[in-house]
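Engineer: Here it is, the structure in full.
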There are 4 protein chains.
Amino acid sequence: MSGSSFGHLFRVINFGESHGPAIGCVIDGCPPGLPLSVDDLQPDLDRRKPGTSRHVTQRRESDRAEILSGVFRGETTGTPIALLIRNEDQRSSDYDDLVDTFRPGHADYTYWRKYGRRDPRGGGRSSARLTAPMVAAGAVARKWLGLHYGTRIRGCMQQLGPIEIPFARWEDAEDNAFFAPNAAVVPQLEAHMDELRRSGDSCGARIRVSASGVPVGLGSPLYDKLDAEIAYAMMGINAVKGVEIGAGFAAVTQLGSEHGDELLPTGFASNHAGGVLGGISTGQDLEVSIAIKPTSSIRLPRRSINARNEAVTIATHGRHDPCVGIRATPIAEAMLALVLIDHALLHRAQNGDVRLGVAPIPAQA
Amino acid sequence: MSGSSFGHLFRVINFGESHGPAIGCVIDGCPPGLPLSVDDLQPDLDRRKPGTSRHVTQRRESDRAEILSGVFRGETTGTPIALLIRNEDQRSSDYDDLVDTFRPGHADYTYWRKYGRRDPRGGGRSSARLTAPMVAAGAVARKWLGLHYGTRIRGCMQQLGPIEIPFARWEDAEDNAFFAPNAAVVPQLEAHMDELRRSGDSCGARIRVSASGVPVGLGSPLYDKLDAEIAYAMMGINAVKGVEIGAGFAAVTQLGSEHGDELLPTGFASNHAGGVLGGISTGQDLEVSIAIKPTSSIRLPRRSINARNEAVTIATHGRHDPCVGIRATPIAEAMLALVLIDHALLHRAQNGDVRLGVAPIPAQA
Amino acid sequence: MSGSSFGHLFRVINFGESHGPAIGCVIDGCPPGLPLSVDDLQPDLDRRKPGTSRHVTQRRESDRAEILSGVFRGETTGTPIALLIRNEDQRSSDYDDLVDTFRPGHADYTYWRKYGRRDPRGGGRSSARLTAPMVAAGAVARKWLGLHYGTRIRGCMQQLGPIEIPFARWEDAEDNAFFAPNAAVVPQLEAHMDELRRSGDSCGARIRVSASGVPVGLGSPLYDKLDAEIAYAMMGINAVKGVEIGAGFAAVTQLGSEHGDELLPTGFASNHAGGVLGGISTGQDLEVSIAIKPTSSIRLPRRSINARNEAVTIATHGRHDPCVGIRATPIAEAMLALVLIDHALLHRAQNGDVRLGVAPIPAQA
Amino acid sequence: MSGSSFGHLFRVINFGESHGPAIGCVIDGCPPGLPLSVDDLQPDLDRRKPGTSRHVTQRRESDRAEILSGVFRGETTGTPIALLIRNEDQRSSDYDDLVDTFRPGHADYTYWRKYGRRDPRGGGRSSARLTAPMVAAGAVARKWLGLHYGTRIRGCMQQLGPIEIPFARWEDAEDNAFFAPNAAVVPQLEAHMDELRRSGDSCGARIRVSASGVPVGLGSPLYDKLDAEIAYAMMGINAVKGVEIGAGFAAVTQLGSEHGDELLPTGFASNHAGGVLGGISTGQDLEVSIAIKPTSSIRLPRRSINARNEAVTIATHGRHDPCVGIRATPIAEAMLALVLIDHALLHRAQNGDVRLGVAPIPAQA
């Protein structure tokens with residue numbers, strides 16, 4: 001396996017660079033008969049795309065996907081679905097002076113060392129732009145999951161830099177540029193971002209993703225546990241530095257009598273596990289939280305080196321997100337959808353014959 | 001791919017159950033010519049094995065591995081290495097009353113739902129016992145990494161329940177049952193565990209794993225980022241609920257000017273990244289931290305259900321770790337070793353011809 | 001992927017060497033609930049094992065498999081099934097003089113060049129002995145296929161050296177050492193083998209494998225076609241040099257009007273396709289034919305070199321099959337079973353929801 | 001793995017349908033630093049493309065590939081290379097009456113049964129048109145192999161229907177529409193094809209592919225033998241029904257003393273093995289032969305059924321190859337190149353450290 005594919009049975013290969021002619025992906029293994037058109041992809045692509053508020057990069061991309069294959073008369077055929085998104089707003093000249101220097105906190109240095117060369121235009125392959133095809137593929141996955149299991153995947157921001165955002169309601173998350181699930185906090189977030197842009201600095205964020213209607217039994221005991229695959233998916237998103245399932249790091253200070261979710265005939269009494277036990281889904285809501293580091297491209301001057309190992313000073317101008325976490329919510333949702341559809345297919349491959357006489361119904365706490 | 005294998009090129013398949021005749025693994029893809037005997041595996045197996053202090057389960061297992069294949073005249077041949085560990089101290093009768101009930105916080109319920117049946121003896125496949133083959137495979141990996149790159153992988157406990165353990169020195173970590181890198185704290189940890197055993201409860205822990213001498217350039221941009229693979233490896237360890245790379249969740253409140261590690265001609269000025277940028281190793285120390293939940297098997301009575309969805313009360317007796325985190329350090333080290341050797345092989349497959357004229361030497365902060 | 005595994009979802013990793021302590025395999029991904037014991041494996045292992053007639057190697061091996069994991073109370077649990085076969089009749093001293101020389105037609109030279117070393121005892125990993133775990137894994141697969149789909153896999157010898165064996169009946173194939181489907185030809189085959197042993201030479205063979213009761217729809221259009229996977233499976237058997245599906249090489253001289261199997265409402269009118277169209281099973285019998293080269297280990301002296309590139313003369317003594325094709329039938333059957341179960345699981349993963357209103361019933365010609 | 005990808009480390013995913021907007025592939029894992037432009041792809045694409053002589057389909061396609069990613073300033077970057085070929089000459093109306101009927105010998109029936117639907121336009125995904133991206137990917141592979149090892153891959157036709165083509169010289173193969181390595185036979189081949197077109201029937205062919213300059217040591221003992229992977233690659237080409245390596249089916253009647261290639265200090269004395277022993281390349285020429293069935297789309301009326309299982313008569317008009325074998329040579333070459341680059345990368349991943357003091361030089365017979 002060569003690194004650019006995600007998933008075992010619902011498999012997505014991602015291609016492209018920030019300033020190349022196009023980005024996209026090929027989805028292999030999608031079940032046939034799913035009604036699908038570009039209209040199914042666009043809402044999530046629009047939630048992710050740049051330029052939608054003053055708080056994100058001002059690059060102008062319509063991010064419209066073209067379906068090149070795998071759909072016939074409005075339904076998936078079971079053969080590979082190729083999705084193509086043309087890049088429209090490349091300003092490669094912005095990056096001419098970066099060919100030879102390494103921006104702190106960026107992949108510039110590591111790509112150069114790994115491959116002996118790199119495409120410096122907009123970060124090339126390391127650009128957050130490559131999350132657009134992930135979102136498009138995720139939209140296919142969540143449509144299938146919704147139709148088959150009633151699975152619903154939602155995300156929101158939990159923290160922006162120092163500002164914790166108390167959860168109010170999911171609906172609020174779709175009504176502001178931050179995916180903040182609490183309308184009352186939005187003015188504070190906006191003020192913080194305005195200040196940050198003035199200062200030329202950047203900040204981190206914490207994002208929550210949640211899935212309800214998850215079938216029981218997804219995941220393999222060792223090693224492809226559902227939570228392990230989710231951790232892989234989330235840590236693979238640009239700028240993510242930490243992943244928690246359920247109680248996460250808070251589990252360190254919990255007692256066993258507190259953490260272990262009791263089962264009642266009416267369902268689980270709590271959900272510290274975050275919907276996974278022994279690597280397998282319990283049917284409770286999957287609860288995931290991720291840490292996103294502050295953007296590395298900032299206007300403040302920073303010390304670095306060039307390819308000749310000479311000291312240089314770098315201040316990044318051009319168009320950048322002062323907090324990449326702002327646009328991370330739909331991406332994390334998409335990645336969770338990709339893990340879930342993949343494991344739903346894996347599960348029915350092996351365990352399609354399992355019939356249980358009595359099925360306890362787990363309830364949400 | 002069927003879930004029980006780890007790695008792409010240095011591939012380990014794990015098999016066995018806690019109370020079956022044997023556990024073990026097969027390593028496929030090990031480079032030939034590595035001097036190897038069971039003596040290379042035993043030290044790490046001994047660090048992990050049960051019964052070595054009063055603070056862990058008192059199950060008595062010698063955990064001696066037999067090498068069944070892949071080694072000829074003391075060197076690996078390049079063909080699969082099968083490692084076998086016979087189970088010696090099964091007390092399956094301890095579990096007879098559990099066939100039909102689901103312990104809170106355990107995989108009992110999810111296995112039963114996934115497979116329509118489960119092996120209840122000692123947790124069956126979900127037992128922490130299955131980490132022994134991981135440790136054995138990891139010992140092979142770390143020997144190769146050490147010989148080829150001088151890579152050194154070390155781990156220690158950062159926190160036991162509520163007790164944070166200030167890092168003093170690596171050497172201390174090998175001198176106590178907790179892998180605590182600070183001898184002065186050990187009495188406090190022992191007192192905490194003694195109290196916990198008396199109360200019949202359990203606690204969580206936080207473990208740090210670190211690798212030095214990591215080659216630059218390991219990892220793929222998308223999706224098989226080195227940090228994504230590490231997250232997958234760590235979250236796949238029993239009881240892990242959170243994974244951080246470098247600054248981890250602390251990155252949420254950092255500013256970009258603080259988080260992004262500056263490069264100097266003498267090396268990186270800091271290591272907030274934890275040794276990975278853009279999914280590729282920087283050559284700095286890899287820094288990983290994981291959260292381990294409190295053991296689910298506790299003496300305190302808990303509410304649960306049986307397979308007929310009737311309410312039951314469960315108090316787990318028998319031999320259990322009151323903090324599985326205590327034995328987690330060598331496991332986490334092993335998993336990191338497996339990720340690194342796998343990516344070292346992947347890297348030289350694709351990039352074996354890359355020759356750079358000038359190589360900046362990254363320094364540890 | 002590291003080369004020693006077979007299959008995608010029903011995945012078998014094979015380990016061991018001819019004269020090491022043990023050989024075996026781990027099956028990952030077997031569906032749960034399959035009744036399984038060693039008694040299910042032994043009949044096929046016995047059909048393959050050495051020493052059962054004077055026409056095959058006289059090595060004495062009971063080839064009894066031990067099930068180490070994955071089975072609980074007589075049923076598969078869905079977790080990895082490890083199968084172990086201890087080697088009993090190693091005579092490694094037979095091979096001491098071979099460490100340094102390369103037998104013509106053997107893997108001696110290529111292993112040495114690939115790995116820089118090799119295990120010379122009995123051919124090490126390249127020995128046909130390693131087909132025993134394949135047969136054991138295949139027995140699990142065919143039991144599942146039989147129970148689920150009524151699939152029946154049978155094989156027979158079509159040709160032994162120059163002697164073509166007209167097909168009479170399947171039953172005959174199980175009544176002689178050659179798996180010849182025609183009892184009348186057996187004396188001629190025995191005479192040929194007796195003569196061959198006297199001369200110290202060896203001969204090739206042609207084997208047919210057939211599966212009936214194959215579900216329609218197995219295989220992916222590109223590249224994991226069912227026939228492509230079968231070709232991979234068959235060519236992976238020791239000594240195989242050619243693979244045909246259906247008409248095979250005879251298709252070269254057929255006209256399109258002759259080759260293309262017509263469909264009638266009562267089923268296909270012929271089966272030149274051999275049960276596969278466009279890489280997907282038609283439901284007709286799968287028909288496969290393979291060519292097996294003559295054994296390379298012969299008593300007649302042959303020219304070769306040693307590791308110092310000096311000319312040597314080699315005559316192989318010890319215990320060898322004068323025609324490895326004689327024992328190949330159960331192996332080829334096993335490999336076909338492994339392909340079929342794997343694709344049966346893959347198929348229901350992706351297409352488990354496909355429901356067709358009208359299903360034409362293909363008939364065997 | 002979801003069926004539409006080829007290769008382990010040099011991994012190609014193929015997408016598209018005959019009459020969709022575009023076909024193409026994504027190559028993941030290509031080493032960086034390979035000089036690459038569309039000019040490297042076009043010669044092989046042109047050798048395969050339709051409409052170049054009266055003996056093949058008259059569909060008009062320029063088959064020009066666009067490189068969407070993975071190349072920067074004329075060199076591969078090590079990231080995925082997406083290749084796009086727009087379909088230009090779709091005449092989907094030709095196929096309107098086929099939506100509901102199944103052409104004998106075609107994948108129509110099996111696709112419909114597998115997926116519950118199919119794209120009937122030009123065979124959809126089962127069209128030989130999908131071999132164009134294979135050829136494009138193969139061109140990348142053979143360029144790299146040529147630069148690194150001097151590997152040269154050539155193919156030719158060995159037989160057209162009943163006409164055997166004695167090998168004269170490789171150069172001839174590039175000077176006629178049939179890839180016949182013997183100019184003298186070409187008039188006979190042309191006459192045969194003209195007659196076939198008049199009769200409305202089709203014929204099969206036999207193709208040889210050969211690789212020289214193959215590194216020693218490629219392939220894994222079990223199961224990913226080099227010859228097994230080649231068999232998979234070749235049988236995966238549309239219409240292939242048989243694969244031989246080296247002596248192939250002729251090995252059945254060879255004696256061991258004849259088949260086993262002797263080694264001399266100056267090299268191998270013969271090449272019955274076809275360049276592979278024990279699944280690993282010997283360094284001799286790889287010799288592969290494949291059988292191609294006659295085209296299923298013929299003008300002669302044939303019996304079939306429709307989706308309601310009613311008897312119908314089908315005569316296929318429109319544009320079709322009367323012998324798909326004519327264009328198969330560049331496709332088979334491409335697939336061999338893909339296997340070789342993949343195993344070259346796999347080999348150096350595992351065995352990059354193997355250093356042999358004395359290397360016998362195998363010679364071609």
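Quick note on naming: the chains in the structure tokens go A, B, ... in the order shown, residues restart at 1 in each chain, and ligands are numbered from 1 in order of appearance.
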Select all residues from chain B having any atom no more than 6 Å from an atom of chain D (counting only C-alpha atoms, ignoring ligands), output as a list in words.

Structural biologist: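 Selected residues: Pro31, Leu345, Arg348, Ala349, Gln350 and Asn351 of chain B.
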
Engineer: Since we have the selection now, will you write its residues out, keeping all heavy atoms, as a compact mmCIF listing (two decimals), in the first residue's frame?

Structural biologist:
```txt
# COMPACT_ATOMS: atom_id res chain seq x y z
N PRO B 31 13.58 -7.96 7.24
CA PRO B 31 14.78 -8.05 6.42
C PRO B 31 15.65 -9.24 6.85
O PRO B 31 15.66 -9.60 8.02
CB PRO B 31 15.50 -6.72 6.70
CG PRO B 31 14.43 -5.78 7.12
CD PRO B 31 13.46 -6.64 7.88
N LEU B 345 11.10 0.78 5.98
CA LEU B 345 11.13 -0.08 4.78
C LEU B 345 10.34 0.57 3.64
O LEU B 345 10.79 0.59 2.49
CB LEU B 345 10.57 -1.46 5.10
CG LEU B 345 11.32 -2.27 6.16
CD1 LEU B 345 10.68 -3.64 6.36
CD2 LEU B 345 12.80 -2.43 5.82
N ARG B 348 12.45 3.42 2.09
CA ARG B 348 13.55 3.10 1.18
C ARG B 348 13.05 2.40 -0.08
O ARG B 348 13.74 2.45 -1.11
CB ARG B 348 14.64 2.31 1.89
CG ARG B 348 14.40 0.86 2.15
CD ARG B 348 15.65 0.28 2.84
NE ARG B 348 15.51 -1.14 3.06
CZ ARG B 348 16.41 -1.88 3.70
NH1 ARG B 348 17.50 -1.31 4.20
NH2 ARG B 348 16.24 -3.17 3.85
N ALA B 349 11.86 1.82 -0.03
CA ALA B 349 11.28 1.27 -1.26
C ALA B 349 11.07 2.38 -2.27
O ALA B 349 11.50 2.29 -3.42
CB ALA B 349 9.95 0.58 -0.96
N GLN B 350 10.42 3.44 -1.84
CA GLN B 350 10.10 4.51 -2.80
C GLN B 350 11.25 5.47 -3.02
O GLN B 350 11.48 5.95 -4.14
CB GLN B 350 8.87 5.31 -2.31
CG GLN B 350 8.43 6.34 -3.36
CD GLN B 350 7.31 7.24 -2.89
OE1 GLN B 350 7.12 7.44 -1.70
NE2 GLN B 350 6.58 7.82 -3.82
N ASN B 351 11.96 5.80 -1.94
CA ASN B 351 12.90 6.91 -2.00
C ASN B 351 14.35 6.49 -1.80
O ASN B 351 15.19 7.30 -1.42
CB ASN B 351 12.50 7.95 -0.95
CG ASN B 351 11.08 8.44 -1.19
OD1 ASN B 351 10.79 9.05 -2.22
ND2 ASN B 351 10.18 8.12 -0.27
```

Engineer: Which neighbours of Glu164 (chain A) fall inside 12 Å, counting only C-alpha atoms, when residues of the same chain fewer than 5 positions from it are skipped, and could you give them as a ChimeraX atom specification?

Structural biologist: /A:157-159,180-182,185-186,188-189,204-207 /B:252-253

Engineer: Enumerate the residues of region 66-236 of chain B with a DSSP assignment of strand (DSSP E or B), computed from the backbone, and present them as an NGL selection string.

Structural biologist: :B and (66-67 or 71-72 or 75-76 or 81-86 or 101 or 152-160 or 163-164 or 203 or 205-212)

Engineer: Would you put the residues from that selection into a file with C-alpha atoms, as a PDB file, in the first residue's frame?

Structural biologist:
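Contents of out-v7.pdb, freshly written:
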```pdb
ATOM      1  CA  GLU B  66       9.499 -20.131  20.672  1.00  0.00           C
ATOM      2  CA  ILE B  67      10.755 -19.164  17.226  1.00  0.00           C
ATOM      3  CA  VAL B  71      15.604 -17.878  11.512  1.00  0.00           C
ATOM      4  CA  PHE B  72      18.475 -20.071  10.331  1.00  0.00           C
ATOM      5  CA  GLU B  75      19.965 -14.929  11.553  1.00  0.00           C
ATOM      6  CA  THR B  76      16.680 -13.980   9.992  1.00  0.00           C
ATOM      7  CA  ILE B  81       9.042 -15.454  11.584  1.00  0.00           C
ATOM      8  CA  ALA B  82       6.450 -17.341  13.625  1.00  0.00           C
ATOM      9  CA  LEU B  83       6.581 -16.727  17.371  1.00  0.00           C
ATOM     10  CA  LEU B  84       4.685 -18.987  19.745  1.00  0.00           C
ATOM     11  CA  ILE B  85       3.939 -18.425  23.436  1.00  0.00           C
ATOM     12  CA  ARG B  86       2.132 -21.215  25.212  1.00  0.00           C
ATOM     13  CA  THR B 101     -23.197 -11.844  31.135  1.00  0.00           C
ATOM     14  CA  ARG B 152      16.265   4.135  20.567  1.00  0.00           C
ATOM     15  CA  ILE B 153      12.732   3.809  21.872  1.00  0.00           C
ATOM     16  CA  ARG B 154      11.919   4.484  25.505  1.00  0.00           C
ATOM     17  CA  GLY B 155       8.759   4.862  27.509  1.00  0.00           C
ATOM     18  CA  CYS B 156       7.639   5.882  30.931  1.00  0.00           C
ATOM     19  CA  MET B 157       4.576   6.648  33.000  1.00  0.00           C
ATOM     20  CA  GLN B 158       3.575  10.308  33.168  1.00  0.00           C
ATOM     21  CA  GLN B 159       0.601  10.034  35.439  1.00  0.00           C
ATOM     22  CA  LEU B 160      -1.051   7.352  37.585  1.00  0.00           C
ATOM     23  CA  ILE B 163      -0.677  11.535  40.542  1.00  0.00           C
ATOM     24  CA  GLU B 164       1.407  13.386  37.968  1.00  0.00           C
ATOM     25  CA  CYS B 203      -7.445   3.775  37.957  1.00  0.00           C
ATOM     26  CA  ALA B 205      -2.717   6.254  33.591  1.00  0.00           C
ATOM     27  CA  ARG B 206      -0.862   8.352  31.106  1.00  0.00           C
ATOM     28  CA  ILE B 207       2.154   6.934  29.287  1.00  0.00           C
ATOM     29  CA  ARG B 208       4.835   8.655  27.255  1.00  0.00           C
ATOM     30  CA  VAL B 209       6.817   6.992  24.497  1.00  0.00           C
ATOM     31  CA  SER B 210       9.762   8.592  22.824  1.00  0.00           C
ATOM     32  CA  ALA B 211      12.044   7.589  19.971  1.00  0.00           C
ATOM     33  CA  SER B 212      15.413   9.116  19.241  1.00  0.00           C
TER      34      SER B 212
END
```

Engineer: Hey, what's within 7 Å of region 12-24 of chain B if we count only C-alpha atoms and toss same-chain stuff fewer than 2 positions away? As a count of residues only, please?

Structural biologist: 29

Engineer: Can you tell me, as a list in words, what residues are no more than 7 Å from Ala136 (chain B) when counting only C-alpha atoms, ignoring any on the same chain fewer than 3 positions away?

Structural biologist: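 Counting only the stated atoms, we get Leu41, Leu45, Ala132, Pro133, Ala139 and Val140 of chain B.
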
Engineer: List every residue of region 35-221 of chain B that DSSP, applied to the backbone of this structure, places in alpha helix (DSSP H), and write the result as a ChimeraX atom specification.

Structural biologist: /B:38-48,108-115,131-149,170-173,186-199

Engineer: What is the CA of Pro294 (chain C)-CA of Asp224 (chain D) distance in Å, reported with one decimal?

Structural biologist: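 Computing the Euclidean distance for CA of Pro294 (chain C) and CA of Asp224 (chain D) yields 21.9 Å.
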
Engineer: Using only C-alpha atoms, determine which residues lie at most 8 Å from region 239-242 of chain D, disregarding the query and same-chain residues fewer than 5 positions distant; provide the list as an mmCIF file with N, CA, C and O atoms, in the first residue's frame.

Structural biologist:
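To be explicit, this is the file written out as selection.cif:
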```cif
data_model
loop_
_atom_site.group_PDB
_atom_site.id
_atom_site.type_symbol
_atom_site.label_atom_id
_atom_site.label_comp_id
_atom_site.auth_asym_id
_atom_site.auth_seq_id
_atom_site.Cartn_x
_atom_site.Cartn_y
_atom_site.Cartn_z
ATOM 1 N N GLY C 242 1.858 -22.992 -15.851
ATOM 2 C CA GLY C 242 0.818 -22.513 -16.745
ATOM 3 C C GLY C 242 -0.544 -22.663 -16.114
ATOM 4 O O GLY C 242 -0.766 -23.568 -15.301
ATOM 5 N N VAL C 243 -1.451 -21.757 -16.462
ATOM 6 C CA VAL C 243 -2.812 -21.777 -15.927
ATOM 7 C C VAL C 243 -3.786 -21.482 -17.063
ATOM 8 O O VAL C 243 -3.560 -20.559 -17.851
ATOM 9 N N GLU C 244 -4.839 -22.249 -17.110
ATOM 10 C CA GLU C 244 -5.902 -22.004 -18.077
ATOM 11 C C GLU C 244 -7.246 -21.920 -17.368
ATOM 12 O O GLU C 244 -7.478 -22.652 -16.408
ATOM 13 N N ILE C 245 -8.103 -21.055 -17.866
ATOM 14 C CA ILE C 245 -9.493 -20.995 -17.403
ATOM 15 C C ILE C 245 -10.370 -21.378 -18.587
ATOM 16 O O ILE C 245 -10.218 -20.824 -19.680
ATOM 17 N N GLY C 246 -11.283 -22.301 -18.370
ATOM 18 C CA GLY C 246 -12.187 -22.703 -19.451
ATOM 19 C C GLY C 246 -11.398 -23.229 -20.638
ATOM 20 O O GLY C 246 -10.512 -24.075 -20.490
ATOM 21 N N ALA C 247 -11.696 -22.695 -21.820
ATOM 22 C CA ALA C 247 -11.046 -23.184 -23.034
ATOM 23 C C ALA C 247 -9.540 -22.971 -23.013
ATOM 24 O O ALA C 247 -8.795 -23.643 -23.717
ATOM 25 N N GLY C 248 -9.076 -22.003 -22.247
ATOM 26 C CA GLY C 248 -7.640 -21.758 -22.118
ATOM 27 C C GLY C 248 -6.979 -21.484 -23.451
ATOM 28 O O GLY C 248 -7.497 -20.702 -24.262
ATOM 29 N N PHE C 249 -5.831 -22.117 -23.690
ATOM 30 C CA PHE C 249 -5.086 -21.851 -24.919
ATOM 31 C C PHE C 249 -5.831 -22.341 -26.160
ATOM 32 O O PHE C 249 -5.548 -21.897 -27.273
ATOM 33 N N ALA C 251 -8.647 -21.478 -26.857
ATOM 34 C CA ALA C 251 -9.426 -20.327 -27.321
ATOM 35 C C ALA C 251 -8.733 -19.602 -28.470
ATOM 36 O O ALA C 251 -9.372 -18.890 -29.245
ATOM 37 N N GLY C 278 -15.905 -11.558 -17.959
ATOM 38 C CA GLY C 278 -15.559 -10.215 -17.485
ATOM 39 C C GLY C 278 -14.987 -10.222 -16.088
ATOM 40 O O GLY C 278 -15.068 -9.233 -15.370
ATOM 41 N N MET D 234 -1.685 -10.809 -16.083
ATOM 42 C CA MET D 234 -2.030 -11.169 -17.456
ATOM 43 C C MET D 234 -3.469 -11.653 -17.545
ATOM 44 O O MET D 234 -4.207 -11.266 -18.447
ATOM 45 N N ILE D 290 0.456 -15.626 -23.462
ATOM 46 C CA ILE D 290 -0.946 -15.580 -23.053
ATOM 47 C C ILE D 290 -1.877 -15.929 -24.205
ATOM 48 O O ILE D 290 -1.574 -15.681 -25.372
ATOM 49 N N ALA D 291 -3.011 -16.520 -23.838
ATOM 50 C CA ALA D 291 -4.049 -16.870 -24.816
ATOM 51 C C ALA D 291 -5.174 -15.854 -24.737
ATOM 52 O O ALA D 291 -5.675 -15.560 -23.649
ATOM 53 N N ILE D 292 -5.571 -15.345 -25.895
ATOM 54 C CA ILE D 292 -6.661 -14.370 -25.960
ATOM 55 C C ILE D 292 -7.826 -14.977 -26.720
ATOM 56 O O ILE D 292 -7.660 -15.478 -27.830
ATOM 57 N N LYS D 293 -8.965 -14.916 -26.097
ATOM 58 C CA LYS D 293 -10.136 -15.533 -26.720
ATOM 59 C C LYS D 293 -10.640 -14.683 -27.882
ATOM 60 O O LYS D 293 -10.341 -13.489 -27.967
ATOM 61 N N PRO D 294 -11.435 -15.271 -28.781
ATOM 62 C CA PRO D 294 -12.019 -14.475 -29.868
ATOM 63 C C PRO D 294 -13.020 -13.463 -29.310
ATOM 64 O O PRO D 294 -13.695 -13.724 -28.314
ATOM 65 N N THR D 295 -13.080 -12.315 -29.949
ATOM 66 C CA THR D 295 -14.014 -11.263 -29.566
ATOM 67 C C THR D 295 -15.437 -11.804 -29.486
ATOM 68 O O THR D 295 -15.852 -12.579 -30.344
ATOM 69 N N VAL D 324 -9.379 -9.038 -30.628
ATOM 70 C CA VAL D 324 -8.837 -8.119 -29.616
ATOM 71 C C VAL D 324 -7.366 -8.392 -29.340
ATOM 72 O O VAL D 324 -6.648 -7.544 -28.820
#
```

Engineer: Find the residues around region 104-107 of chain D up to 8 Å (only C-alpha atoms counted), leave out those fewer than 3 positions away in its own chain, and share them as a list in words.

Structural biologist: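 Counting only C-alpha atoms, the residues come to His259, Gly260, Asp261, Glu262, Leu263, Ala273, Leu277, Gly278, Gly279 and Ile280 of chain C; Thr110, Tyr111, Gly123, Ser126, Ser296, Ser297, Arg302, Arg303 and Ser304 of chain D.
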
Engineer: Rank nothing, just name the residue among C:Arg47, C:Arg64, C:Arg299, C:Arg308 nearest to Ser202 (chain C), using only C-alpha atoms.

Structural biologist: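 Looking only at the distances to Ser202 (chain C), the closest residue turns out to be C:Arg299.
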
Engineer: Can you measure CA of Ile305 (chain C) to CA of Thr151 (chain D) for me? One decimal in Å is fine.

Structural biologist: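 Between these atoms lies a distance of 25.5 Å.
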
Engineer: Report the distance between CA of Val288 (chain B) and CA of Ala231 (chain B) in Å, rounded to one decimal place.

Structural biologist: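 Taking CA of Val288 (chain B) and CA of Ala231 (chain B), their separation equals 8.8 Å.
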
Engineer: Within 10 Å of Arg54 (chain A), counting only C-alpha atoms, which residues qualify if same-chain residues fewer than 6 places away don't, as a PyMOL selection string?

Structural biologist: chain A and resi 177+190+193-194+197+321
